[in-house]
Amino acid sequence: MASLLITADRMIMTPAGSPTRVVSPGYVRAVDGVITEAGEGRPDEAPDVHLPDGLLAPGLVDLQVNGFYGHDMVDADEAAWHTVVSRLPETGVTAFLPTFITAPVETQAAALRRTRDLLPGLPAGTRVLGVHLEGPFLSEKRKGAHNPGHLTDPAPDAIATLLETGLVKLVTLAPERDGALEAIRTLTGAGVLVSVGHSDATAARTRAAADAGARMVTHIFNAQSGVHHRDPGVAVQALIDDRLSPGLILDLHHVSAEVAQLVFRAAPGRVVLVTDAASAAGMPPGTYDLGGEPITMPEQGPPLRADGTIAGSGLRLDEAVGNAIGLGLDPAAAVDAATRVPADLIGRPDLGRIAPGAAADLVWLGPDHRARTTWSGGQKLYGGGS
């Protein structure tokens, strides 16, 4: 049996039935890729790896990755997929949802089939948990960087076509579109997480979406109706509805530090940190691709369309965790927002936690909160240990 014992001066732990917390010191033991023991203090025997500083955390889980390292996921070839899954561990991410943005339904269906066929040949790396479809069932008024010519209503035949491969795990849609509430019920019944996003819906319509089964809001405050004292929108319902988990792009460009603090205070334990990374992420300034359209990565800030519209981000998820801690959030809560909360949302309670029975997906975050070493199923994918 393959075993691994790691000790850490500080470690995130999620005891059964208890909140996630930081223990100091702590240890985790894994056998054949599964955590068998996690506890406070020091084990009796010498560890395989000791982490003298920083923080041992569960592997990070990103539900919104449009691309990375120069590759857009929707049209990436097999070599590009190899690059992305092999290199995402550098950012501490051990599981993700590649995200396909708005395109004609048949184009998305073809991309899903192509993805299904290449997944078995991918090398060891970040786990692909399924696919996030961000569109085409979005609002023209809140399209953001999406091509308005491809936006459409979620007709039953379109939903059926997209569900054929079984790869779709998350769909972002605007609940004010015709047929949206029925689509939410169909998707939820098929085990798909539905997120309200790119939407001009009222708070009441967003509440109706939650009644129908929606459980998330895509990148809160971006490309959605917001906070108005007489005309509340999607963002208000995301903050006050305990059924909804607001996704947050915490690069401090998409949402200001003060508003990010508001989100965490209004929705404690529900916030999901996402990158919304575009192909420009991890790359130098230049021109890249998002959904077949050019985007420009500047020296500072997120990538942009030619008209100045923000087009995804260049954010790393470990950086987002560090930004949350920098805003004063408790480290356990910051890590939870990038691990346990997203894993639970997509029905993967075996991920996103350091607890017996969970996969041994782990990341050593240095004092700067950047990934130093990443393990998946107990196997080192990136970095070194001491």
# chains A, B, ... in the order shown; residues from 1 in each chain; ligands from 1
>>> select_by_dssp(residues="segment 243-319 of chain A", states="helix (DSSP H, G or I)", output="ChimeraX atom specification")
/A:257-266,317-319
>>> write_last_selection(atoms="all heavy atoms", output="short mmCIF file (atom, residue, chain, number, x, y, z; two decimals), in the first residue's frame")
data_model
loop_
_atom_site.label_atom_id
_atom_site.label_comp_id
_atom_site.auth_asym_id
_atom_site.auth_seq_id
_atom_site.Cartn_x
_atom_site.Cartn_y
_atom_site.Cartn_z
N ALA A 257 -12.24 45.79 -2.70
CA ALA A 257 -11.98 45.17 -1.40
C ALA A 257 -13.15 45.37 -0.45
O ALA A 257 -13.56 44.44 0.26
CB ALA A 257 -10.70 45.74 -0.80
N GLU A 258 -13.73 46.58 -0.45
CA GLU A 258 -14.82 46.86 0.47
C GLU A 258 -16.06 46.02 0.14
O GLU A 258 -16.72 45.49 1.04
CB GLU A 258 -15.18 48.35 0.44
CG GLU A 258 -14.08 49.27 0.95
CD GLU A 258 -13.03 49.61 -0.09
OE1 GLU A 258 -13.13 49.09 -1.25
OE2 GLU A 258 -12.12 50.37 0.22
N VAL A 259 -16.35 45.89 -1.14
CA VAL A 259 -17.53 45.10 -1.54
C VAL A 259 -17.27 43.61 -1.29
O VAL A 259 -18.18 42.88 -0.89
CB VAL A 259 -17.90 45.38 -3.00
CG1 VAL A 259 -19.00 44.45 -3.47
CG2 VAL A 259 -18.36 46.84 -3.14
N ALA A 260 -16.05 43.17 -1.48
CA ALA A 260 -15.72 41.78 -1.17
C ALA A 260 -15.94 41.50 0.32
O ALA A 260 -16.47 40.44 0.69
CB ALA A 260 -14.28 41.47 -1.56
N GLN A 261 -15.56 42.45 1.17
CA GLN A 261 -15.81 42.29 2.61
C GLN A 261 -17.30 42.21 2.90
O GLN A 261 -17.75 41.42 3.74
CB GLN A 261 -15.17 43.44 3.37
CG GLN A 261 -13.64 43.39 3.40
CD GLN A 261 -13.03 44.61 4.05
OE1 GLN A 261 -13.44 45.75 3.79
NE2 GLN A 261 -12.05 44.39 4.91
N LEU A 262 -18.09 43.03 2.20
CA LEU A 262 -19.54 42.97 2.35
C LEU A 262 -20.06 41.58 2.00
O LEU A 262 -20.90 41.02 2.72
CB LEU A 262 -20.19 44.02 1.44
CG LEU A 262 -21.72 43.92 1.26
CD1 LEU A 262 -22.43 44.18 2.57
CD2 LEU A 262 -22.20 44.88 0.18
N VAL A 263 -19.58 41.00 0.90
CA VAL A 263 -20.03 39.68 0.47
C VAL A 263 -19.73 38.64 1.54
O VAL A 263 -20.61 37.84 1.91
CB VAL A 263 -19.38 39.30 -0.87
CG1 VAL A 263 -19.71 37.85 -1.23
CG2 VAL A 263 -19.85 40.24 -1.98
N PHE A 264 -18.51 38.65 2.06
CA PHE A 264 -18.15 37.66 3.08
C PHE A 264 -18.96 37.84 4.36
O PHE A 264 -19.33 36.86 5.01
CB PHE A 264 -16.66 37.74 3.39
CG PHE A 264 -15.79 37.04 2.39
CD1 PHE A 264 -14.89 37.76 1.60
CD2 PHE A 264 -15.85 35.66 2.23
CE1 PHE A 264 -14.08 37.12 0.68
CE2 PHE A 264 -15.04 35.01 1.31
CZ PHE A 264 -14.15 35.75 0.53
N ARG A 265 -19.23 39.09 4.72
CA ARG A 265 -19.99 39.33 5.96
C ARG A 265 -21.46 38.99 5.79
O ARG A 265 -22.11 38.50 6.73
CB ARG A 265 -19.83 40.79 6.39
CG ARG A 265 -18.42 41.12 6.85
CD ARG A 265 -18.32 42.53 7.41
NE ARG A 265 -16.94 42.87 7.74
CZ ARG A 265 -16.58 43.97 8.38
NH1 ARG A 265 -17.50 44.84 8.76
NH2 ARG A 265 -15.30 44.21 8.64
N ALA A 266 -22.01 39.24 4.61
CA ALA A 266 -23.43 38.98 4.38
C ALA A 266 -23.72 37.50 4.14
O ALA A 266 -24.83 37.03 4.43
CB ALA A 266 -23.92 39.80 3.19
N LEU A 317 -6.10 30.82 -8.08
CA LEU A 317 -6.99 30.60 -6.94
C LEU A 317 -6.25 30.70 -5.61
O LEU A 317 -6.83 31.15 -4.61
CB LEU A 317 -7.71 29.26 -7.07
CG LEU A 317 -8.96 29.07 -6.19
CD1 LEU A 317 -9.96 30.21 -6.38
CD2 LEU A 317 -9.62 27.73 -6.45
N ASP A 318 -4.97 30.31 -5.58
CA ASP A 318 -4.23 30.50 -4.33
C ASP A 318 -4.08 31.99 -4.02
O ASP A 318 -4.12 32.40 -2.86
CB ASP A 318 -2.87 29.78 -4.37
CG ASP A 318 -1.98 30.15 -5.54
OD1 ASP A 318 -2.40 30.96 -6.41
OD2 ASP A 318 -0.85 29.62 -5.62
N GLU A 319 -3.94 32.80 -5.06
CA GLU A 319 -3.88 34.25 -4.87
C GLU A 319 -5.20 34.79 -4.31
O GLU A 319 -5.20 35.69 -3.46
CB GLU A 319 -3.55 34.92 -6.20
CG GLU A 319 -3.43 36.43 -6.14
CD GLU A 319 -3.21 37.05 -7.52
OE1 GLU A 319 -3.28 36.33 -8.53
OE2 GLU A 319 -2.97 38.26 -7.56
#
>>> residues_around(residues="Leu4 of chain A", least_positions_apart="4", cutoff="7 Å", atoms="only C-alpha atoms", output="PyMOL selection string")
chain A and resi 29-31+48+378
>>> residues_around(residues="Gly292 of chain A", least_positions_apart="5", cutoff="10 Å", atoms="only C-alpha atoms", output="VMD selection string")
chain A and resid 72 74 to 75 101 to 103 147
>>> write_last_selection(atoms="all heavy atoms", output="PDB file, in the first residue's frame")
ATOM      1  N   ASP A  72      -7.630  28.342 -24.409  1.00  0.00           N
ATOM      2  CA  ASP A  72      -9.052  28.492 -24.116  1.00  0.00           C
ATOM      3  C   ASP A  72      -9.664  27.092 -24.092  1.00  0.00           C
ATOM      4  O   ASP A  72      -9.523  26.319 -25.048  1.00  0.00           O
ATOM      5  CB  ASP A  72      -9.706  29.358 -25.200  1.00  0.00           C
ATOM      6  CG  ASP A  72     -11.100  29.799 -24.824  1.00  0.00           C
ATOM      7  OD1 ASP A  72     -11.383  29.951 -23.620  1.00  0.00           O
ATOM      8  OD2 ASP A  72     -11.927  29.996 -25.739  1.00  0.00           O
ATOM      9  N   VAL A  74     -12.607  25.762 -24.353  1.00  0.00           N
ATOM     10  CA  VAL A  74     -13.687  25.308 -25.230  1.00  0.00           C
ATOM     11  C   VAL A  74     -13.163  24.736 -26.543  1.00  0.00           C
ATOM     12  O   VAL A  74     -13.783  23.831 -27.114  1.00  0.00           O
ATOM     13  CB  VAL A  74     -14.699  26.446 -25.494  1.00  0.00           C
ATOM     14  CG1 VAL A  74     -14.102  27.533 -26.365  1.00  0.00           C
ATOM     15  CG2 VAL A  74     -15.987  25.901 -26.111  1.00  0.00           C
ATOM     16  N   ASP A  75     -12.038  25.230 -27.034  1.00  0.00           N
ATOM     17  CA  ASP A  75     -11.521  24.696 -28.298  1.00  0.00           C
ATOM     18  C   ASP A  75     -10.097  24.154 -28.145  1.00  0.00           C
ATOM     19  O   ASP A  75      -9.373  23.984 -29.128  1.00  0.00           O
ATOM     20  CB  ASP A  75     -11.574  25.752 -29.405  1.00  0.00           C
ATOM     21  CG  ASP A  75     -10.793  27.012 -29.066  1.00  0.00           C
ATOM     22  OD1 ASP A  75     -10.113  27.031 -28.012  1.00  0.00           O
ATOM     23  OD2 ASP A  75     -10.870  27.979 -29.839  1.00  0.00           O
ATOM     24  N   ILE A 101     -17.800  29.215 -22.601  1.00  0.00           N
ATOM     25  CA  ILE A 101     -18.699  30.362 -22.621  1.00  0.00           C
ATOM     26  C   ILE A 101     -19.617  30.285 -23.841  1.00  0.00           C
ATOM     27  O   ILE A 101     -19.564  29.343 -24.633  1.00  0.00           O
ATOM     28  CB  ILE A 101     -17.943  31.701 -22.556  1.00  0.00           C
ATOM     29  CG1 ILE A 101     -17.242  32.026 -23.879  1.00  0.00           C
ATOM     30  CG2 ILE A 101     -16.963  31.722 -21.414  1.00  0.00           C
ATOM     31  CD1 ILE A 101     -16.815  33.494 -23.960  1.00  0.00           C
ATOM     32  N   THR A 102     -20.473  31.293 -23.957  1.00  0.00           N
ATOM     33  CA  THR A 102     -21.536  31.318 -24.951  1.00  0.00           C
ATOM     34  C   THR A 102     -21.066  30.991 -26.360  1.00  0.00           C
ATOM     35  O   THR A 102     -20.084  31.552 -26.857  1.00  0.00           O
ATOM     36  CB  THR A 102     -22.218  32.690 -24.941  1.00  0.00           C
ATOM     37  OG1 THR A 102     -22.906  32.841 -23.691  1.00  0.00           O
ATOM     38  CG2 THR A 102     -23.207  32.830 -26.083  1.00  0.00           C
ATOM     39  N   ALA A 103     -21.793  30.076 -26.986  1.00  0.00           N
ATOM     40  CA  ALA A 103     -21.612  29.682 -28.385  1.00  0.00           C
ATOM     41  C   ALA A 103     -22.926  29.046 -28.808  1.00  0.00           C
ATOM     42  O   ALA A 103     -23.777  28.755 -27.968  1.00  0.00           O
ATOM     43  CB  ALA A 103     -20.463  28.687 -28.522  1.00  0.00           C
ATOM     44  N   ASN A 147     -20.807  36.829 -26.652  1.00  0.00           N
ATOM     45  CA  ASN A 147     -21.278  37.234 -27.976  1.00  0.00           C
ATOM     46  C   ASN A 147     -22.807  37.278 -27.982  1.00  0.00           C
ATOM     47  O   ASN A 147     -23.458  36.234 -27.850  1.00  0.00           O
ATOM     48  CB  ASN A 147     -20.778  36.238 -29.026  1.00  0.00           C
ATOM     49  CG  ASN A 147     -21.087  36.672 -30.445  1.00  0.00           C
ATOM     50  OD1 ASN A 147     -22.067  37.356 -30.705  1.00  0.00           O
ATOM     51  ND2 ASN A 147     -20.234  36.269 -31.373  1.00  0.00           N
TER      52      ASN A 147
END
>>> closest_atom_pairs(of="segment 307-360 of chain A", to="segment 89-100 of chain A", cutoff="12 Å", atoms="only C-alpha atoms", output="Markdown table")
| residue | atom | partner | partner_atom | distance |
| --- | --- | --- | --- | --- |
| A:Gly312 | CA | A:Thr99 | CA | 10.9 |
| A:Gly314 | CA | A:Thr91 | CA | 11.8 |
| A:Leu315 | CA | A:Thr91 | CA | 9.7 |
| A:Arg316 | CA | A:Thr91 | CA | 6.0 |
| A:Leu317 | CA | A:Thr91 | CA | 6.5 |
| A:Asp318 | CA | A:Thr91 | CA | 5.8 |
| A:Glu319 | CA | A:Thr91 | CA | 8.1 |
| A:Ala320 | CA | A:Thr91 | CA | 10.4 |
| A:Val321 | CA | A:Gly92 | CA | 10.4 |
| A:Gly322 | CA | A:Thr91 | CA | 11.8 |
| A:Val335 | CA | A:Gly92 | CA | 11.3 |
| A:Ala338 | CA | A:Val93 | CA | 9.1 |
| A:Thr339 | CA | A:Val93 | CA | 9.3 |
| A:Arg340 | CA | A:Ala95 | CA | 11.6 |
| A:Pro342 | CA | A:Phe96 | CA | 9.8 |
| A:Ala343 | CA | A:Ala95 | CA | 8.9 |
| A:Ile346 | CA | A:Leu97 | CA | 9.9 |
| A:Arg348 | CA | A:Ala95 | CA | 10.4 |
| A:Asp350 | CA | A:Ala95 | CA | 11.5 |
| A:Leu351 | CA | A:Ala95 | CA | 8.4 |
| A:Gly352 | CA | A:Ala95 | CA | 9.0 |
| A:Arg353 | CA | A:Thr94 | CA | 11.9 |
| A:Ala359 | CA | A:Thr94 | CA | 10.5 |
| A:Ala360 | CA | A:Thr94 | CA | 10.1 |
>>> residues_around(residues="Gly213 of chain A", least_positions_apart="2", cutoff="7 Å", atoms="only C-alpha atoms", output="JSON, numbers by chain")
{"A": [184, 185, 188, 209, 210, 211, 215]}
>>> write_last_selection(atoms="all heavy atoms", output="PDB file, in the first residue's frame")
ATOM      1  N   ILE A 184     -34.236  25.088 -15.205  1.00  0.00           N
ATOM      2  CA  ILE A 184     -33.570  24.891 -13.916  1.00  0.00           C
ATOM      3  C   ILE A 184     -34.037  23.593 -13.275  1.00  0.00           C
ATOM      4  O   ILE A 184     -33.228  22.800 -12.762  1.00  0.00           O
ATOM      5  CB  ILE A 184     -33.826  26.087 -12.980  1.00  0.00           C
ATOM      6  CG1 ILE A 184     -33.133  27.340 -13.514  1.00  0.00           C
ATOM      7  CG2 ILE A 184     -33.339  25.781 -11.557  1.00  0.00           C
ATOM      8  CD1 ILE A 184     -33.514  28.615 -12.783  1.00  0.00           C
ATOM      9  N   ARG A 185     -35.339  23.338 -13.325  1.00  0.00           N
ATOM     10  CA  ARG A 185     -35.857  22.099 -12.740  1.00  0.00           C
ATOM     11  C   ARG A 185     -35.311  20.872 -13.472  1.00  0.00           C
ATOM     12  O   ARG A 185     -34.946  19.866 -12.843  1.00  0.00           O
ATOM     13  CB  ARG A 185     -37.391  22.120 -12.741  1.00  0.00           C
ATOM     14  CG  ARG A 185     -37.995  23.077 -11.709  1.00  0.00           C
ATOM     15  CD  ARG A 185     -39.492  22.952 -11.628  1.00  0.00           C
ATOM     16  NE  ARG A 185     -40.152  23.684 -12.708  1.00  0.00           N
ATOM     17  CZ  ARG A 185     -40.566  24.950 -12.611  1.00  0.00           C
ATOM     18  NH1 ARG A 185     -40.389  25.629 -11.473  1.00  0.00           N
ATOM     19  NH2 ARG A 185     -41.168  25.543 -13.625  1.00  0.00           N
ATOM     20  N   THR A 188     -31.487  20.551 -12.621  1.00  0.00           N
ATOM     21  CA  THR A 188     -31.316  20.109 -11.237  1.00  0.00           C
ATOM     22  C   THR A 188     -31.685  18.637 -11.092  1.00  0.00           C
ATOM     23  O   THR A 188     -30.994  17.876 -10.405  1.00  0.00           O
ATOM     24  CB  THR A 188     -32.164  20.979 -10.298  1.00  0.00           C
ATOM     25  OG1 THR A 188     -31.774  22.349 -10.437  1.00  0.00           O
ATOM     26  CG2 THR A 188     -31.988  20.557  -8.854  1.00  0.00           C
ATOM     27  N   ALA A 209     -35.861  31.365  -8.999  1.00  0.00           N
ATOM     28  CA  ALA A 209     -34.860  30.437  -9.522  1.00  0.00           C
ATOM     29  C   ALA A 209     -34.363  29.515  -8.422  1.00  0.00           C
ATOM     30  O   ALA A 209     -34.156  28.312  -8.639  1.00  0.00           O
ATOM     31  CB  ALA A 209     -33.703  31.216 -10.139  1.00  0.00           C
ATOM     32  N   ALA A 210     -34.149  30.073  -7.226  1.00  0.00           N
ATOM     33  CA  ALA A 210     -33.738  29.242  -6.096  1.00  0.00           C
ATOM     34  C   ALA A 210     -34.840  28.266  -5.713  1.00  0.00           C
ATOM     35  O   ALA A 210     -34.573  27.102  -5.380  1.00  0.00           O
ATOM     36  CB  ALA A 210     -33.354  30.121  -4.914  1.00  0.00           C
ATOM     37  N   ASP A 211     -36.094  28.716  -5.778  1.00  0.00           N
ATOM     38  CA  ASP A 211     -37.213  27.809  -5.521  1.00  0.00           C
ATOM     39  C   ASP A 211     -37.208  26.634  -6.496  1.00  0.00           C
ATOM     40  O   ASP A 211     -37.580  25.512  -6.145  1.00  0.00           O
ATOM     41  CB  ASP A 211     -38.546  28.550  -5.646  1.00  0.00           C
ATOM     42  CG  ASP A 211     -38.778  29.584  -4.554  1.00  0.00           C
ATOM     43  OD1 ASP A 211     -38.085  29.519  -3.521  1.00  0.00           O
ATOM     44  OD2 ASP A 211     -39.643  30.470  -4.756  1.00  0.00           O
ATOM     45  N   ARG A 215     -28.678  27.050  -7.039  1.00  0.00           N
ATOM     46  CA  ARG A 215     -27.985  27.090  -5.758  1.00  0.00           C
ATOM     47  C   ARG A 215     -26.735  27.972  -5.761  1.00  0.00           C
ATOM     48  O   ARG A 215     -26.009  28.019  -4.783  1.00  0.00           O
ATOM     49  CB  ARG A 215     -27.606  25.665  -5.328  1.00  0.00           C
ATOM     50  CG  ARG A 215     -28.794  24.809  -4.917  1.00  0.00           C
ATOM     51  CD  ARG A 215     -29.463  25.355  -3.672  1.00  0.00           C
ATOM     52  NE  ARG A 215     -30.663  24.634  -3.282  1.00  0.00           N
ATOM     53  CZ  ARG A 215     -31.919  24.987  -3.598  1.00  0.00           C
ATOM     54  NH1 ARG A 215     -32.119  26.089  -4.329  1.00  0.00           N
ATOM     55  NH2 ARG A 215     -32.937  24.285  -3.197  1.00  0.00           N
TER      56      ARG A 215
END
>>> select_by_dssp(residues="segment 243-288 of chain A", states="strand (DSSP E)", output="list in words")
Ser245, Pro246, Gly247, Leu248, Ile249, Val272, Leu273, Val274, Gly286, Thr287 and Tyr288 of chain A
>>> closest_residue(among="A:Leu55, A:Val34, A:Leu327, A:Leu112", to="Met13 of chain A", atoms="only C-alpha atoms")
A:Leu55
>>> closest_residue(among="A:Val272, A:Val341, A:Ala80, A:Leu163", to="Val105 of chain A", atoms="only C-alpha atoms")
A:Leu163
>>> closest_residue(among="A:Leu362, A:Ala111, A:Leu345, A:Ala174", to="Leu162 of chain A", atoms="only C-alpha atoms")
A:Ala111
>>> closest_residue(among="A:Pro52, A:Gly282, A:Gly144, A:Gly308", to="Thr83 of chain A", atoms="only C-alpha atoms")
A:Gly282
>>> atom_distance(atom1="atom CA of Pro268 of chain A", atom2="atom CA of Phe221 of chain A")
16.8 Å
>>> residues_around(residues="Ala124 of chain A", least_positions_apart="4", cutoff="12 Å", atoms="only C-alpha atoms", output="list in words")
Trp81, His82, Thr83, Val84, Val85, Ser86, Arg87, Leu88, Pro89, Thr94, Ala95, Leu119, Pro120, Val128, Trp375, Ser376, Gly377, Gly378, Gln379, Lys380, Leu381 and Tyr382 of chain A
>>> residues_around(residues="Val234 of chain A", least_positions_apart="6", cutoff="10 Å", atoms="only C-alpha atoms", output="ChimeraX atom specification")
/A:174-175,196-207,217-218,220-221,223-227
>>> write_last_selection(atoms="all heavy atoms", output="compact mmCIF listing (two decimals), in the first residue's frame")
# COMPACT_ATOMS: atom_id res chain seq x y z
N ALA A 174 -29.62 32.97 -17.09
CA ALA A 174 -30.41 34.11 -16.64
C ALA A 174 -31.85 33.64 -16.42
O ALA A 174 -32.51 33.24 -17.38
CB ALA A 174 -30.37 35.24 -17.67
N PRO A 175 -32.35 33.66 -15.20
CA PRO A 175 -33.66 33.07 -14.93
C PRO A 175 -34.84 33.85 -15.50
O PRO A 175 -35.96 33.34 -15.51
CB PRO A 175 -33.72 33.05 -13.40
CG PRO A 175 -32.82 34.17 -12.98
CD PRO A 175 -31.71 34.19 -13.98
N VAL A 196 -27.25 31.36 -11.19
CA VAL A 196 -27.82 32.56 -11.79
C VAL A 196 -26.68 33.50 -12.15
O VAL A 196 -25.84 33.82 -11.31
CB VAL A 196 -28.80 33.24 -10.83
CG1 VAL A 196 -29.28 34.57 -11.42
CG2 VAL A 196 -29.97 32.32 -10.51
N GLY A 197 -26.63 33.92 -13.42
CA GLY A 197 -25.56 34.82 -13.81
C GLY A 197 -25.81 35.48 -15.14
O GLY A 197 -26.69 35.05 -15.89
N HIS A 198 -25.05 36.54 -15.42
CA HIS A 198 -25.27 37.34 -16.63
C HIS A 198 -26.77 37.58 -16.77
O HIS A 198 -27.38 37.29 -17.79
CB HIS A 198 -24.68 36.65 -17.85
CG HIS A 198 -23.19 36.69 -17.87
ND1 HIS A 198 -22.48 37.75 -18.38
CD2 HIS A 198 -22.27 35.80 -17.41
CE1 HIS A 198 -21.18 37.51 -18.25
NE2 HIS A 198 -21.02 36.35 -17.66
N SER A 199 -27.32 38.17 -15.71
CA SER A 199 -28.77 38.26 -15.56
C SER A 199 -29.20 39.64 -15.10
O SER A 199 -28.55 40.25 -14.25
CB SER A 199 -29.24 37.20 -14.54
OG SER A 199 -30.58 37.42 -14.17
N ASP A 200 -30.32 40.10 -15.66
CA ASP A 200 -30.94 41.37 -15.24
C ASP A 200 -32.16 41.11 -14.38
O ASP A 200 -33.02 41.96 -14.25
CB ASP A 200 -31.32 42.18 -16.49
CG ASP A 200 -31.53 43.65 -16.18
OD1 ASP A 200 -30.67 44.23 -15.46
OD2 ASP A 200 -32.53 44.23 -16.64
N ALA A 201 -32.23 39.92 -13.79
CA ALA A 201 -33.41 39.52 -13.03
C ALA A 201 -33.60 40.38 -11.78
O ALA A 201 -32.65 40.93 -11.22
CB ALA A 201 -33.29 38.05 -12.62
N THR A 202 -34.83 40.45 -11.35
CA THR A 202 -35.14 41.05 -10.06
C THR A 202 -34.77 40.07 -8.95
O THR A 202 -34.55 38.88 -9.19
CB THR A 202 -36.64 41.36 -9.95
OG1 THR A 202 -37.36 40.11 -10.05
CG2 THR A 202 -37.10 42.31 -11.05
N ALA A 203 -34.73 40.59 -7.73
CA ALA A 203 -34.51 39.70 -6.59
C ALA A 203 -35.60 38.65 -6.52
O ALA A 203 -35.34 37.48 -6.21
CB ALA A 203 -34.44 40.51 -5.30
N ALA A 204 -36.85 39.05 -6.83
CA ALA A 204 -37.96 38.10 -6.77
C ALA A 204 -37.78 36.97 -7.79
O ALA A 204 -38.05 35.80 -7.49
CB ALA A 204 -39.28 38.82 -7.00
N ARG A 205 -37.35 37.32 -8.99
CA ARG A 205 -37.14 36.28 -10.01
C ARG A 205 -35.96 35.38 -9.62
O ARG A 205 -35.98 34.17 -9.88
CB ARG A 205 -36.87 36.92 -11.36
CG ARG A 205 -36.79 35.93 -12.52
CD ARG A 205 -38.11 35.25 -12.79
NE ARG A 205 -38.07 34.47 -14.03
CZ ARG A 205 -39.13 33.85 -14.56
NH1 ARG A 205 -40.32 33.93 -13.96
NH2 ARG A 205 -39.02 33.17 -15.69
N THR A 206 -34.94 35.96 -8.99
CA THR A 206 -33.81 35.16 -8.52
C THR A 206 -34.26 34.21 -7.42
O THR A 206 -33.82 33.05 -7.36
CB THR A 206 -32.68 36.08 -8.03
OG1 THR A 206 -32.37 37.03 -9.06
CG2 THR A 206 -31.44 35.28 -7.68
N ARG A 207 -35.15 34.70 -6.56
CA ARG A 207 -35.71 33.83 -5.52
C ARG A 207 -36.50 32.69 -6.15
O ARG A 207 -36.42 31.53 -5.71
CB ARG A 207 -36.61 34.63 -4.57
CG ARG A 207 -37.18 33.80 -3.42
CD ARG A 207 -37.90 34.66 -2.41
NE ARG A 207 -39.06 35.34 -2.97
CZ ARG A 207 -39.15 36.63 -3.20
NH1 ARG A 207 -38.12 37.43 -2.94
NH2 ARG A 207 -40.25 37.17 -3.70
N VAL A 217 -24.74 31.76 -7.54
CA VAL A 217 -24.79 32.98 -8.34
C VAL A 217 -23.39 33.20 -8.90
O VAL A 217 -22.41 33.22 -8.16
CB VAL A 217 -25.25 34.20 -7.51
CG1 VAL A 217 -25.02 35.49 -8.27
CG2 VAL A 217 -26.73 34.05 -7.15
N THR A 218 -23.30 33.35 -10.22
CA THR A 218 -22.01 33.46 -10.90
C THR A 218 -21.43 34.86 -10.76
O THR A 218 -22.11 35.85 -11.02
CB THR A 218 -22.17 33.08 -12.39
OG1 THR A 218 -22.50 31.69 -12.47
CG2 THR A 218 -20.89 33.32 -13.17
N ILE A 220 -20.62 37.30 -8.42
CA ILE A 220 -21.50 38.30 -7.84
C ILE A 220 -21.02 39.73 -8.14
O ILE A 220 -19.82 40.01 -8.14
CB ILE A 220 -21.65 38.10 -6.31
CG1 ILE A 220 -22.74 39.03 -5.75
CG2 ILE A 220 -20.33 38.26 -5.58
CD1 ILE A 220 -23.17 38.71 -4.34
N PHE A 221 -21.98 40.58 -8.46
CA PHE A 221 -21.82 41.99 -8.82
C PHE A 221 -21.31 42.22 -10.23
O PHE A 221 -21.36 43.34 -10.72
CB PHE A 221 -20.93 42.76 -7.81
CG PHE A 221 -21.61 43.02 -6.50
CD1 PHE A 221 -21.24 42.33 -5.36
CD2 PHE A 221 -22.63 43.95 -6.41
CE1 PHE A 221 -21.87 42.57 -4.16
CE2 PHE A 221 -23.28 44.19 -5.21
CZ PHE A 221 -22.89 43.49 -4.07
N ALA A 223 -21.82 41.60 -14.19
CA ALA A 223 -22.78 41.20 -15.22
C ALA A 223 -24.09 40.72 -14.61
O ALA A 223 -24.64 39.69 -15.00
CB ALA A 223 -22.18 40.12 -16.12
N GLN A 224 -24.61 41.51 -13.67
CA GLN A 224 -25.92 41.17 -13.07
C GLN A 224 -26.52 42.42 -12.43
O GLN A 224 -25.82 43.38 -12.11
CB GLN A 224 -25.77 40.08 -12.02
CG GLN A 224 -24.95 40.45 -10.82
CD GLN A 224 -24.59 39.25 -9.95
OE1 GLN A 224 -24.81 39.27 -8.76
NE2 GLN A 224 -24.03 38.21 -10.56
N SER A 225 -27.85 42.38 -12.26
CA SER A 225 -28.52 43.44 -11.53
C SER A 225 -28.03 43.42 -10.08
O SER A 225 -27.73 42.36 -9.52
CB SER A 225 -30.04 43.26 -11.60
OG SER A 225 -30.40 41.92 -11.28
N GLY A 226 -27.94 44.61 -9.47
CA GLY A 226 -27.23 44.69 -8.21
C GLY A 226 -28.06 45.10 -7.02
O GLY A 226 -29.12 44.53 -6.75
N VAL A 227 -27.56 46.11 -6.30
CA VAL A 227 -28.19 46.55 -5.05
C VAL A 227 -28.80 47.93 -5.28
O VAL A 227 -28.08 48.89 -5.55
CB VAL A 227 -27.15 46.61 -3.91
CG1 VAL A 227 -27.79 47.16 -2.64
CG2 VAL A 227 -26.55 45.24 -3.66
>>> closest_residue(among="A:Asn323, A:Gln300, A:Ser195, A:Gln237", to="Gly286 of chain A", atoms="only C-alpha atoms")
A:Gln300
>>> atom_distance(atom1="atom CA of Glu45 of chain A", atom2="atom CA of Thr7 of chain A")
10.4 Å
>>> closest_residue(among="A:Glu176, A:Ala334, A:Met216, A:Val274", to="His254 of chain A", atoms="only C-alpha atoms")
A:Val274
>>> atom_distance(atom1="atom CA of Pro148 of chain A", atom2="atom CA of Pro284 of chain A")
28.7 Å
